[in-house]
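For reference, the structure is listed below as structure tokens.
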Amino acid sequence: MKFEAKTVASAQAFDALRQLKTDGYNLLIDLTAVDYSLYGKCPAAMGWEQNFPSGAPQPRKERFEVVYRLASLDPAAGLESRPRVEVHVPYDEGSVLLSVMSVWPNADWLEREVWDMFGIRFEDRPEIKRLLLYEEFVGHPLRKDYPIKKRQPLIGPPSGELPGSPSFNIVRQEIPFE
Amino acid sequence: MTQKKTYFLNMGPAHPAMHGVIRLVLELEGERIVNTEVGIGYLHRAFEKHAETETWNNAIPYTDRLNYVSPLINNVGYVMAVEKLAGVKIPERGQYLRVIASEISRVADHLTCIGANAMELGAFTVFLYLLEGRENLYQLIDCLCGARVTTDYTRIGGVKGDLPEGFIAKCRGVFAKIRKLVADSEGLLTKNRIFLDRVDGVGVISQADALAYGITGPFLRSTGVAYDVRRAHPYLVYDRLDFEVPVGNKGDNLDRYLVRLAEIEQSLRIIEQCFTQLPGGPVCLTPWEMKDAFNFEDMGKAGNTALLPRCLAKTCRTLEGSSRDQAAGVTVQDPALVMPPKEETYGNIEGLMNQFETVMWSWGVRVPAGEAYHAVEGGNGELGFHIVSDGSDRPYRVRCRPPCLFIMAALPKLLNGGYVADVVATFGSVNMIAGELDR
């Protein structure tokens, strides 16, 4: 699978992607992100340096990188005439990244997933909700500073009252045995 | 004059007619669906986060649980992405075995989808017929990997073991049975008025919409686009195999059913071609040079023990001993990339040491720094893995592109404007697998 990789600054990302769409890249194959905050700082570094005769991978300036993967599919032939394009967009807290929902409708869910997992907010789109997790979830789990063993608080109904079901054990009340 | 009112109906996440946990909030006007909202995430198991904390090989079992109806394809997809990043080419026999395994899995996937869909529309006989076929395939997979669903068959550098004894003959028997069962089911369904009324012209999506939503696989092919990853970007040995890519033209439930049915036959053909083309040789790369077992013994007797942990005795790749001669050594450039064969691990102390080295923290398989994306044709479409490595013994990031997610995002397009009774028919025909959707 051949592809060309491009790096575009977050401010120009929307225009560049829309341009690619008009150029015939009609399929948004994937949209995802990578948190590079621990890149090049391997936690289990035993013997790690020996792997890189020409130097270890360097930490990056921006924390995140959003990856758009585009394909140009010819519906009649069912083949891709041109190599795919991978657009890498470096992103840091405070950068502005516009949504591509208006260009490819499936970006809606993918952007929601990226928001859910990485806390990267896309501008210029309807209200963004979590996709896989629930709204009361605290934090964004695929960030590198989210510990694998972190516990989430148990959630109850918004009013705070105890539900009737005994399996919903926020506070289990002891019922005296008669 | 009465005012028109809409009301909401909540389907799922644990609805008897929804196989898989997914929640649909339907806005209804009488029996017509006006609007649909899809809620997913009920089976989220943090596959991507887990994979980051495990060594490269230890992430393979987690991929079984992605699309749990065709786990072998997930295994193949993940290890091929890792191998692409590492620049490894696996032995030819290993490639053929991966193709055979994935196609068996694909047939099982399609049989399940058609069977479940038919059952929900009242054709319980078809369900029993097709599940019998799937059961036979699961027994083949059990033979091949030692497990029915949690297969864990591939390794970085090849596959776990060679074909067991008599596997090809067993396969031919099973395929004859499946062909008969599929023909019977086809006879019961394809011209059945009750079935056709529920599927023909229901759940239609246009080709433009399917492309806009990034849908791939049988779903996209049912709208007339002959896009198949095996054909567009041939991986493994698919370019040597002769198969057709069946397409539909309307993009409705009936077309999806027909495309799946035709693909079963194509997959069986692919496997049969693999059996005739299957070359000999090793099925997996080995980390070190292989020596005949007697040489190995001589070295030990001569006191040459320092070299022993870096040698492998020529033994059989299956645990039962059917292919002792085929394990001639093909060594890999970087010995830290592949695991020693299991027979070594269980057979001698050096093998056990080598095994421990590959599973210990920060000692195991190392993949060079960089990133790679590789896609295979899964049961539902393009199953891609995007992998980032920082050169350590664990993946830095594993992203799975689940084909189901894209289909589910387009589900409102299929349901809106239809009847509430058609939800079951349409939802069954898109073959949602919650394990892959929610990861």
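By order in the structure tokens, chains are A, B, ...; within a chain, residues start at 1; ligands start at 1, following the order shown.
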
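These are the residues of region 40-253 of chain B assigned strand (DSSP E) by DSSP from backbone coordinates: Thr154, Arg155, Gly158 and Val159 of chain B.
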
- [ ] For region 56-59 of chain B, work out the shell of residues within 8 Å, counting only C-alpha atoms and skipping chain neighbours fewer than 6 positions away, then give it as a ChimeraX atom specification.
- [x] /B:50,155-156,365-366,393-395

Could those selected residues go to a file with N, CA and C atoms, as a compact mmCIF listing (two decimals), in the first residue's frame?
# COMPACT_ATOMS: atom_id res chain seq x y z
N HIS B 50 -4.50 -0.88 26.13
CA HIS B 50 -3.88 -2.12 26.58
C HIS B 50 -2.67 -2.47 25.73
N ARG B 155 2.29 -14.98 14.54
CA ARG B 155 3.39 -14.44 15.33
C ARG B 155 4.10 -13.43 14.45
N ILE B 156 4.85 -12.53 15.06
CA ILE B 156 5.68 -11.65 14.25
C ILE B 156 6.71 -12.54 13.57
N VAL B 365 10.88 -8.47 21.99
CA VAL B 365 10.91 -8.08 20.60
C VAL B 365 11.04 -6.57 20.48
N ARG B 366 11.94 -6.13 19.61
CA ARG B 366 12.09 -4.69 19.39
C ARG B 366 11.75 -4.37 17.96
N ASP B 393 10.34 -2.01 23.54
CA ASP B 393 9.78 -3.36 23.43
C ASP B 393 8.26 -3.35 23.41
N ARG B 394 7.65 -2.17 23.46
CA ARG B 394 6.19 -2.10 23.44
C ARG B 394 5.75 -1.12 22.36
N PRO B 395 4.57 -1.34 21.80
CA PRO B 395 4.07 -0.37 20.82
C PRO B 395 3.88 0.99 21.48

Task: Residue list (alpha helix (DSSP H), DSSP) for region 25-177 of chain B, as JSON, numbers by chain - done: {"B": [47, 48, 49, 50, 51, 52, 53, 60, 61, 62, 63, 64, 71, 72, 73, 74, 75, 76, 77, 78, 79, 80, 81, 82, 83, 84, 85, 86, 92, 93, 94, 95, 96, 97, 98, 99, 100, 101, 102, 103, 104, 105, 106, 107, 108, 109, 110, 111, 112, 113, 114, 115, 116, 117, 118, 119, 120, 124, 125, 126, 127, 128, 129, 130, 131, 132, 133, 134, 135, 136, 137, 138, 139, 140, 141, 142, 143, 144, 145, 167, 168, 169, 170, 171, 172, 173, 174, 175, 176, 177]}

TODO: Identify all chain B residues at most 9 Å from chain A by counting only C-alpha atoms; ligands do not count. Present them as JSON, numbers by chain.
DONE: {"B": [39, 40, 41, 42, 43, 44, 46, 48, 49, 50, 53, 207, 211, 212, 213, 214, 215, 221, 224, 225, 226, 227, 228, 229, 231, 232, 233, 234, 235, 361, 362, 363, 366, 368, 369, 370, 373, 374, 375, 382, 384, 388, 389, 390, 391, 392, 393, 396, 397, 399, 401, 405, 406, 409, 410, 438, 439]}

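Nearest residue to Asp422 (chain B), choosing from B:Gly201, B:Pro13, B:Gly77, B:Gly435 and counting only C-alpha atoms: B:Gly201.
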
TODO: For region 10-21 of chain A, work out the shell of residues within 7 Å, counting only C-alpha atoms and skipping chain neighbours fewer than 6 positions away, then give it as a list in words.
DONE: Val89, Pro90, Tyr91, Ser95, Val96, Leu97, Leu98, Val100 and Val103 of chain A

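The nearest approach to Ala425 (chain B) among the residues B:Tyr238, B:Phe195, B:Phe219, B:Phe175, with only C-alpha atoms taken into account, belongs to B:Phe195.
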